[in-house]
Amino acid sequence: MIQFFLERRSSLLLFTVLFILLVLLSSQARNEDGASLLESVLFRAVTPIARVTHSIADGSTRWIDEWVDLKMARVENLALAEELGRLRFESQRWQAERHEYLRLLSLLGLQERLGHTSVPARVISRGHGLGASTLIIDRGSRDGLATNQPVIVSDGVAGRLVEVGPFASKVQLALDPNCSIAAITERTRAQGLVNGRGRGHLRMEYVSDLEDVQPGDRIVTSGLDRVFPAGITVGTVLRTDRRDGLVQTIEVEPSVDFNKLEEVLVLIDEGKPEG
């Protein structure tokens with residue numbers, strides 16, 4: 001390679017001198033606008049490159065700005081989604097606390113109206129399956145509870161205690177076929193006995209066929225069983241059956257939704273010994 005340049009150094013020197021002279025002449029020569037030819041040539045040569053460079057730089061800047069905006073939008077969306085989730089959780093918790101407050105307020109009002117000593121309790125467990133006939137509450141003998149004490153809610157009769165431990169007790173719900181409640185129709189004072197049917201409705205039996213009982217009549221406790229105080233709502237008459245001609249069997253819609261019990265009141269008769 002060096003030998004190549006040495007052999008042609010005269011030609012290269014001549015070319016270099018001519019190029020320098022051309023550049024000098026171009027810098028002296030002027031066009032119509034007063035600019036030198038060298039400036040015009042350089043301007044024409046550089047302008048396309050500058051345009052391409054500016055276009056690339058402008059496009060890159062716009063792409064970077066759009067990428068940054070997109071990134072910021074994603075961050076803001078994540079923050080908004082997180083905040084929305086937190087607000088939904090707070091709203092659900094507030095609604096749950098509100099419902100609990102209303103239930104407890106209703107129980108407190110019932111407790112004040114009754115004239116009986118009562119103990120509020122929470123449901124901590126229930127029998128399995130829809131229409132289960134027992135549940136467990138978080139109060140026991142240490143709280144003054146004893147077997148056969150009535151359990152009620154603001155809507156009416158829930159059941160009675162059948163097992164009592166020191167810290168918890170089992171409630172036999174009115175749905176249980178073994179739970180019997182002495183009851184009376186509020187409108188005509190027709191007496192009978194309400195029993196559970198395992199799930200769904202209750203049944204009032206031993207009501208004379210001569211008694212006027214109509215759908216919609218309210219059934220309340222009569223107090224004759226010496227377990228439930230008189231006047232507590234049991235349910236509403238759905239239909240009557242007079243087929244045997246002596247007594248009528250009455251289907252009763254319970255006033256209590258047994259599947260939604262969360263807090264209850266246990267009534268304590270201070271005149272009875274515990275046990």
# chains A, B, ... in the order shown; residues from 1 in each chain; ligands from 1

$ residues_around --residues "Val194 in chain A" --least-positions-apart "5" --cutoff "8 Å" --atoms "only C-alpha atoms" --output "list of chain:residue names"
A:Ser180, A:Ile181, A:Ala182, A:Ala183, A:Leu202, A:Arg203, A:Met204, A:Glu205

$ closest_residue --among "A:Glu251, A:Asp212, A:Glu83, A:Asp241" --to "Asn195 in chain A" --atoms "only C-alpha atoms"
A:Glu251

$ residues_around --residues "range 149-159 of chain A" --least-positions-apart "3" --cutoff "6 Å" --atoms "only C-alpha atoms" --output "number ranges by chain"
A: 107, 172-174, 228, 232-234, 255-256, 264-267

$ residues_around --residues "Arg187 in chain A" --least-positions-apart "4" --cutoff "9 Å" --atoms "only C-alpha atoms" --output "list in words"
Val213, Asp217, Arg218 and Ile219 of chain A

$ closest_residue --among "A:Ala190, A:Val252, A:Ile268, A:Leu80" --to "Tyr206 in chain A" --atoms "only C-alpha atoms"
A:Ala190

$ residues_around --residues "Ala168 in chain A" --least-positions-apart "5" --cutoff "6 Å" --atoms "only C-alpha atoms" --output "NGL selection string"
:A and (137-140)

$ write_last_selection --atoms "N, CA and C atoms" --output "PDB file, in the first residue's frame"
ATOM      1  N   ILE A 137     -73.775 -20.534  69.747  1.00  0.00           N
ATOM      2  CA  ILE A 137     -73.546 -19.129  70.103  1.00  0.00           C
ATOM      3  C   ILE A 137     -72.376 -19.036  71.078  1.00  0.00           C
ATOM      4  N   ASP A 138     -71.819 -17.830  71.196  1.00  0.00           N
ATOM      5  CA  ASP A 138     -70.585 -17.637  71.972  1.00  0.00           C
ATOM      6  C   ASP A 138     -70.827 -17.286  73.444  1.00  0.00           C
ATOM      7  N   ARG A 139     -71.944 -17.667  73.992  1.00  0.00           N
ATOM      8  CA  ARG A 139     -72.220 -17.444  75.424  1.00  0.00           C
ATOM      9  C   ARG A 139     -72.597 -18.767  76.070  1.00  0.00           C
ATOM     10  N   GLY A 140     -72.298 -18.877  77.392  1.00  0.00           N
ATOM     11  CA  GLY A 140     -72.585 -20.122  78.089  1.00  0.00           C
ATOM     12  C   GLY A 140     -72.984 -19.895  79.531  1.00  0.00           C
TER      13      GLY A 140
END

$ atom_distance --atom1 "CA of Gln191 in chain A" --atom2 "CA of Gly235 in chain A"
14.1 Å

$ atom_distance --atom1 "CA of Glu76 in chain A" --atom2 "CA of Trp63 in chain A"
19.6 Å

$ closest_residue --among "A:Ala132, A:Val227, A:Ala81, A:Cys179" --to "Gly196 in chain A" --atoms "only C-alpha atoms"
A:Cys179
